[in-house]
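Note sheet for the following structure.
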Amino acid sequence: MTTSTAVHSDAAPVSTAAGDWPGRWARLTPVLRRPGPFAHPQFTPGDETVDFLMKQCKVLVVGAGGLGCEILKNLALSGFRDLHVIDMDTIDVSNLNRQFLFRPADVGKSKAEVAAAFIMRRVPGCVVTPYFGKIQDKDYDYYQQFNVIICGLDSVEARRWMNATVIGMFDSDSPETLKPLVDGGTEGFQGQARVILPTMTSCYECSLDMLTRPTTYPVCTIANTPRLPEHCIEWASVLEWPRVFGDDKIDTDNPAHLQWLFETASNRAEQFNISGVTYSLTQGVVKNIIPAIASTNAIIAAACCNEVFKLATSSASLLNNYMMFTGTDGIYTHTFEHEARSDCPVCGQARLKMSVNAMWTLEDWIDRLIESPETQLKRPSLRTGSGSLYMQAPRALEQATRPNLQRTLGELLSSGEAVTVTDATLPISLEITVTFVETSEKTE
Amino acid sequence: MIKIWTMKKEAAEADKKKPKQSAAQIRVQKDMDELSDLPKTIDMSFPNPEDLLHFELSITPDEGIYMGGRFFFTFSIDASYPHKAPRVQCKQKIYHPNIDLEGNVCLNILREDWKPVLNLHAVIVGLQFLFLEPNADDPLNKEAAQDLRENRERFKMHVAESMRGGRVNHESFDCVLAA
């Protein structure tokens with residue numbers, strides 16, 4: 001946020017009408033002003049829809065890398081004028097072949113800031129607000145301001161966090177808190193685009209078991225019978241590094257660490273007569289680098305931006321809800337409806353609001369949870385984001401948390417806090433947001 | 001005059017800052033619920049009961065070559081769970097074909113055969129199995145594996161010696177006898 005002013009100063013004028021030359025949107029407005037047989041039933045053709053797209057719709061682009069550059073360009077050229085972009089990375093020289101908003105002089109600078117400035121210079125009237133930092137720095141208030149969130153991320157962890165956040169901030173009492181999430185991902189020649197409507201479609205966590213496993217080699221192979229250069233690199237990073245450096249973790253961005261791993265792996269390769277250990281392979285294996293292909297990014301970003309456009313305008317039906325693209329054998333796509341998992345720990349999590357008395361002991365409350373027809377639990381375990389309230393198992397945890405049973409909810413919780421409830425007899429988990437109804441003051 | 005509304009707003013802000021559990025933490029909480037009837041050969045301990053992602057496990061085999069010993073493991077689970085397997089390390093230096101002298105464990109479901117549908121229970125059962133049936137075909141300690149393959153009786157004696165804290169093939173081991 002601190003950097004946005006600096007970016008505005010070298011950008012083109014940003015008033016909404018700026019740079020609207022005759023015929024600028026000639027390809028776009030007919031789609032939005034005319035009815036059509038394939039339009040979504042909710043579609044109302046006309047200026048209202050155009051105005052929403054150009055004047056009101058606020059879109060967050062998560063990630064300003066390979067997909068992010070394409071997404072920002074596509075959205076800006078499709079008439080979106082209030083874009084925000086968030087990325088914690090800085091530009092590396094190896095990004096320049098496909099992340100076309102960056103130039104050699106930008107190496108080392110923030111991706112989000114450089115991308116935002118580039119789009120604003122190039123597309124008059126489009127305002128892009130960058131944030132150079134982590135998605136985790138931002139809270140519900142920040143994510144609530146957007147109409148749509150679109151992700152072009154490269155890590156499973158960041159996607160899981162984003163997905164859980166978008167689902168967690170949905171409050172069924174206020175429909176405007178439902179924020180559609182469009183997620184794109186690529187891996188070499190393959191990619192996927194999907195639309196996640198919190199609690200209505202399957203979510204990212206529901207499909208976690210569909211992910212290809214991170215490549216791992218059996219420890220016994222890397223320890224005894226290496227055959228591939230990758231085995232030697234894994235040996236250096238998994239077995240030798242902890243043996244030599246103990247608890248010091250490998251920093252995959254530290255050239256000295258990579259050099260050590262490369263040399264150690266090379267020595268081992270020599271012993272076993274294996275060829276092919278190079279510095280870049282070492283980097284690839286320890287950082288788990290997947291080759292990025294510009295055209296795959298372009299295809300996936302285009303598919304995702306179409307969905308954002310449809311979400312913003314209702315001009316056509318949405319992707320329902322998962323599109324897989326396989327570019328290895330010609331061009332093949334497969335679209336299917338991925339089903340939500342009822343036992344998904346994120347979206348299958350039933351959510352309740354409950355009024356409690358701060359003077360109840362935890363045991364009182366658990367008894368009520370067991371008796372209440374609304375919850376019907378048998379052996380509930382309860383935790384909050386900051387720790388364990390009561391765990392039924394394993395034994396050691398049960399013993400450690402048992403004293404909490406006699407403490408009051410006022411001591412253990414604060415009003416508005418979310419408690420995660422699991423039960424061995426239930427496949428799903430439950431999130432209960434507690435509100436204290438009577439005074440939590442203690443008589444002291 | 002106290003500005004009630006500001007106080008109320010601040011209180012509401014404070015509530016929002018309360019962290020929620022991550023997807024990995026919720027999943028681990030569910031996994032833990034399934035550990036209610038562990039066999040008496042298994043024990044778990046939590047240095048910090050607020051933190052379910054780091055704990056210790058001990059295995060006290062009641063049959064097999066490793067009977068009489070007690071073996072400690074540390075588990076650490078990160079935010080990528082269950083996409084990635086938990087990290088398991090043996091805390092003692094022991095003589096075992098599938099556990100090296102640094103405590104690395106060769107168990108297929110901890111590496112190449114890990115799947116998100118597996119859980120902590122599966123890992124614990126797998127570890128216990130390593131002490132009942134040490135596997136000479138997937139060696140991490142090559143000498144121990146060769147020993148087992150060549151002469152099971154001699155291997156048994158070596159295990160017994162190592163568990164007492166003795167030396168095997170010029171290597172000294174930790175005493176792991178259960179008190």
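Chain labels A, B, ... are given in the sequence in which chains occur in the structure tokens; within each chain residues are numbered consecutively from 1, and ligands are likewise numbered from 1 in the order shown.
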Report task. Pull the alpha helix (DSSP H) assignments for chain B out of DSSP run on the backbone, and list those residues as a PyMOL selection string. Result -> chain B and resi 4-17+23-33+120-132+142-150+152-163
Query raised in the report: Taking only C-alpha atoms into account, which residues of chain A are within 6 Å of chain B, as a ChimeraX atom specification?
Result: /A:157,209,216-220,385,387-388,393-394,396,416,422,424
Deliver the residues from the most recent selection as a file, using all heavy atoms, as a CSV table (one decimal), in the first residue's frame.
```csv
chain,number,residue,atom,x,y,z
A,157,GLU,N,0.4,-24.2,-1.4
A,157,GLU,CA,0.1,-23.6,-0.1
A,157,GLU,C,-0.6,-22.3,-0.3
A,157,GLU,O,-1.6,-22.0,0.4
A,157,GLU,CB,1.4,-23.3,0.6
A,157,GLU,CG,1.9,-24.5,1.4
A,157,GLU,CD,2.8,-25.4,0.6
A,157,GLU,OE1,3.9,-25.2,0.5
A,157,GLU,OE2,2.2,-26.4,0.1
A,209,ASP,N,-6.6,-34.2,-3.4
A,209,ASP,CA,-6.1,-35.5,-3.7
A,209,ASP,C,-6.0,-35.7,-5.2
A,209,ASP,O,-5.5,-36.8,-5.6
A,209,ASP,CB,-7.0,-36.6,-3.1
A,209,ASP,CG,-8.5,-36.5,-3.5
A,209,ASP,OD1,-8.8,-35.5,-4.2
A,209,ASP,OD2,-9.3,-37.3,-3.0
A,216,THR,N,9.1,-37.4,-5.4
A,216,THR,CA,10.0,-37.8,-4.3
A,216,THR,C,10.5,-39.2,-4.7
A,216,THR,O,9.9,-39.9,-5.4
A,216,THR,CB,9.2,-38.0,-2.9
A,216,THR,OG1,8.0,-38.6,-3.2
A,216,THR,CG2,9.0,-36.7,-2.2
A,217,TYR,N,11.7,-39.4,-4.2
A,217,TYR,CA,12.4,-40.7,-4.5
A,217,TYR,C,12.5,-41.4,-3.1
A,217,TYR,O,12.7,-40.8,-2.1
A,217,TYR,CB,13.8,-40.5,-5.1
A,217,TYR,CG,13.7,-39.6,-6.3
A,217,TYR,CD1,13.9,-38.2,-6.2
A,217,TYR,CD2,13.4,-40.2,-7.6
A,217,TYR,CE1,13.8,-37.4,-7.4
A,217,TYR,CE2,13.3,-39.4,-8.7
A,217,TYR,CZ,13.5,-38.0,-8.6
A,217,TYR,OH,13.4,-37.2,-9.7
A,218,PRO,N,12.4,-42.8,-3.2
A,218,PRO,CA,12.6,-43.5,-1.9
A,218,PRO,C,13.9,-43.2,-1.3
A,218,PRO,O,14.9,-43.2,-2.0
A,218,PRO,CB,12.5,-45.0,-2.4
A,218,PRO,CG,11.9,-45.0,-3.8
A,218,PRO,CD,12.2,-43.6,-4.3
A,219,VAL,N,13.9,-43.0,0.0
A,219,VAL,CA,15.1,-42.6,0.7
A,219,VAL,C,16.2,-43.7,0.5
A,219,VAL,O,17.4,-43.4,0.4
A,219,VAL,CB,15.0,-42.4,2.2
A,219,VAL,CG1,16.0,-41.5,2.8
A,219,VAL,CG2,13.6,-42.0,2.6
A,220,CYS,N,15.7,-45.0,0.5
A,220,CYS,CA,16.6,-46.1,0.4
A,220,CYS,C,17.4,-46.0,-0.9
A,220,CYS,O,18.6,-46.3,-1.0
A,220,CYS,CB,16.0,-47.4,0.6
A,220,CYS,SG,14.2,-47.3,0.9
A,385,GLY,N,-7.9,-21.1,16.6
A,385,GLY,CA,-6.6,-20.8,15.9
A,385,GLY,C,-5.4,-20.7,16.8
A,385,GLY,O,-4.3,-20.8,16.3
A,387,GLY,N,-5.0,-22.4,19.8
A,387,GLY,CA,-4.6,-23.5,20.6
A,387,GLY,C,-5.7,-24.5,20.9
A,387,GLY,O,-6.8,-24.4,20.3
A,388,SER,N,-5.4,-25.5,21.7
A,388,SER,CA,-6.3,-26.6,22.0
A,388,SER,C,-7.2,-26.2,23.2
A,388,SER,O,-6.8,-25.7,24.2
A,388,SER,CB,-5.6,-27.8,22.4
A,388,SER,OG,-4.6,-28.1,21.4
A,393,ALA,N,-8.6,-37.2,21.9
A,393,ALA,CA,-7.5,-38.1,21.7
A,393,ALA,C,-6.4,-37.4,21.0
A,393,ALA,O,-6.6,-36.3,20.5
A,393,ALA,CB,-8.0,-39.2,20.7
A,394,PRO,N,-5.2,-37.9,21.0
A,394,PRO,CA,-4.7,-39.1,21.7
A,394,PRO,C,-4.6,-38.8,23.2
A,394,PRO,O,-4.8,-37.7,23.7
A,394,PRO,CB,-3.3,-39.4,21.1
A,394,PRO,CG,-2.9,-38.1,20.5
A,394,PRO,CD,-4.1,-37.4,20.1
A,396,ALA,N,-2.4,-38.4,25.5
A,396,ALA,CA,-1.5,-37.4,26.1
A,396,ALA,C,-2.2,-36.0,25.9
A,396,ALA,O,-2.1,-35.1,26.8
A,396,ALA,CB,-0.2,-37.4,25.4
A,416,GLY,N,-16.9,-13.7,19.6
A,416,GLY,CA,-16.6,-13.6,18.1
A,416,GLY,C,-15.5,-14.6,17.6
A,416,GLY,O,-15.2,-14.6,16.4
A,422,THR,N,-14.2,-31.1,15.9
A,422,THR,CA,-14.2,-32.3,15.1
A,422,THR,C,-14.7,-33.4,16.1
A,422,THR,O,-14.7,-33.3,17.3
A,422,THR,CB,-12.8,-32.7,14.7
A,422,THR,OG1,-11.9,-32.7,15.8
A,422,THR,CG2,-12.2,-31.7,13.7
A,424,ALA,N,-14.7,-37.9,16.1
A,424,ALA,CA,-14.3,-39.1,15.4
A,424,ALA,C,-15.5,-39.8,14.7
A,424,ALA,O,-15.4,-40.5,13.7
A,424,ALA,CB,-13.7,-40.1,16.3
```
Query raised in the report: Which polymer residues have any atom within 8 Å of an atom of region 265-272 of chain A, counting only C-alpha atoms, with same-chain residues fewer than 4 positions away left out, as a list in words?
Result: Pro226, Arg227, Pro229, Cys232, Ile233, Trp235, Ala236, Leu261, Val277 and Thr278 of chain A
Emit the selected residues as a short mmCIF file (atom, residue, chain, number, x, y, z; two decimals), in the first residue's frame, including all heavy atoms.
```
data_model
loop_
_atom_site.label_atom_id
_atom_site.label_comp_id
_atom_site.auth_asym_id
_atom_site.auth_seq_id
_atom_site.Cartn_x
_atom_site.Cartn_y
_atom_site.Cartn_z
N PRO A 226 21.80 -44.92 -6.02
CA PRO A 226 21.41 -43.83 -6.92
C PRO A 226 21.65 -44.23 -8.37
O PRO A 226 22.66 -44.86 -8.68
CB PRO A 226 22.32 -42.68 -6.50
CG PRO A 226 23.47 -43.30 -5.83
CD PRO A 226 22.96 -44.57 -5.21
N ARG A 227 20.71 -43.90 -9.23
CA ARG A 227 20.87 -44.17 -10.66
C ARG A 227 20.73 -42.90 -11.49
O ARG A 227 21.20 -42.84 -12.60
CB ARG A 227 19.80 -45.18 -11.13
CG ARG A 227 19.82 -46.51 -10.43
CD ARG A 227 18.71 -47.42 -10.93
NE ARG A 227 17.39 -46.83 -10.78
CZ ARG A 227 16.69 -46.85 -9.65
NH1 ARG A 227 17.19 -47.45 -8.57
NH2 ARG A 227 15.50 -46.29 -9.59
N PRO A 229 20.79 -38.47 -11.84
CA PRO A 229 21.39 -37.27 -11.23
C PRO A 229 20.49 -36.69 -10.13
O PRO A 229 20.97 -36.19 -9.12
CB PRO A 229 21.53 -36.29 -12.41
CG PRO A 229 20.78 -36.88 -13.55
CD PRO A 229 20.67 -38.35 -13.31
N CYS A 232 21.19 -38.06 -6.75
CA CYS A 232 22.37 -37.49 -6.10
C CYS A 232 22.04 -36.15 -5.46
O CYS A 232 22.50 -35.82 -4.36
CB CYS A 232 23.51 -37.30 -7.11
SG CYS A 232 23.97 -38.84 -7.91
N ILE A 233 21.21 -35.36 -6.15
CA ILE A 233 20.85 -34.04 -5.63
C ILE A 233 19.94 -34.20 -4.40
O ILE A 233 20.12 -33.51 -3.40
CB ILE A 233 20.15 -33.20 -6.73
CG1 ILE A 233 21.14 -32.97 -7.88
CG2 ILE A 233 19.67 -31.88 -6.17
CD1 ILE A 233 20.51 -32.49 -9.17
N TRP A 235 20.01 -36.74 -2.42
CA TRP A 235 20.88 -37.23 -1.36
C TRP A 235 21.54 -36.05 -0.66
O TRP A 235 21.58 -35.95 0.57
CB TRP A 235 21.93 -38.18 -1.95
CG TRP A 235 22.91 -38.70 -0.95
CD1 TRP A 235 22.72 -39.73 -0.07
CD2 TRP A 235 24.24 -38.22 -0.73
NE1 TRP A 235 23.84 -39.91 0.68
CE2 TRP A 235 24.79 -39.00 0.30
CE3 TRP A 235 25.01 -37.20 -1.30
CZ2 TRP A 235 26.09 -38.80 0.77
CZ3 TRP A 235 26.30 -37.00 -0.84
CH2 TRP A 235 26.83 -37.80 0.19
N ALA A 236 22.05 -35.10 -1.47
CA ALA A 236 22.73 -33.94 -0.91
C ALA A 236 21.76 -33.10 -0.08
O ALA A 236 22.11 -32.65 1.02
CB ALA A 236 23.35 -33.09 -2.03
N LEU A 261 25.15 -27.65 -2.34
CA LEU A 261 24.36 -28.82 -2.75
C LEU A 261 24.84 -29.35 -4.10
O LEU A 261 24.99 -30.56 -4.30
CB LEU A 261 22.88 -28.46 -2.85
CG LEU A 261 22.18 -28.15 -1.54
CD1 LEU A 261 20.77 -27.62 -1.79
CD2 LEU A 261 22.11 -29.41 -0.65
N VAL A 277 24.59 -34.11 -13.38
CA VAL A 277 24.34 -33.18 -12.28
C VAL A 277 24.87 -31.80 -12.69
O VAL A 277 26.06 -31.64 -12.92
CB VAL A 277 25.01 -33.64 -10.97
CG1 VAL A 277 24.85 -32.58 -9.89
CG2 VAL A 277 24.42 -34.96 -10.51
N THR A 278 23.98 -30.85 -12.83
CA THR A 278 24.40 -29.50 -13.17
C THR A 278 23.83 -28.54 -12.13
O THR A 278 22.96 -28.92 -11.34
CB THR A 278 23.84 -29.06 -14.55
OG1 THR A 278 22.40 -29.14 -14.48
CG2 THR A 278 24.33 -29.95 -15.68
#
```
Query - Spatial neighbours of Phe129 (chain B), max dist 10 Å, only C-alpha atoms, sep filter under 6 positions, as number ranges by chain - result: B: 61, 107, 123, 135
Report task. Might you pull out every residue within 7 Å of Gly69 (chain B), with only C-alpha atoms counted and same-chain residues fewer than 5 positions away left off, and present them as number ranges by chain? Result -> B: 60-61, 163, 176-178
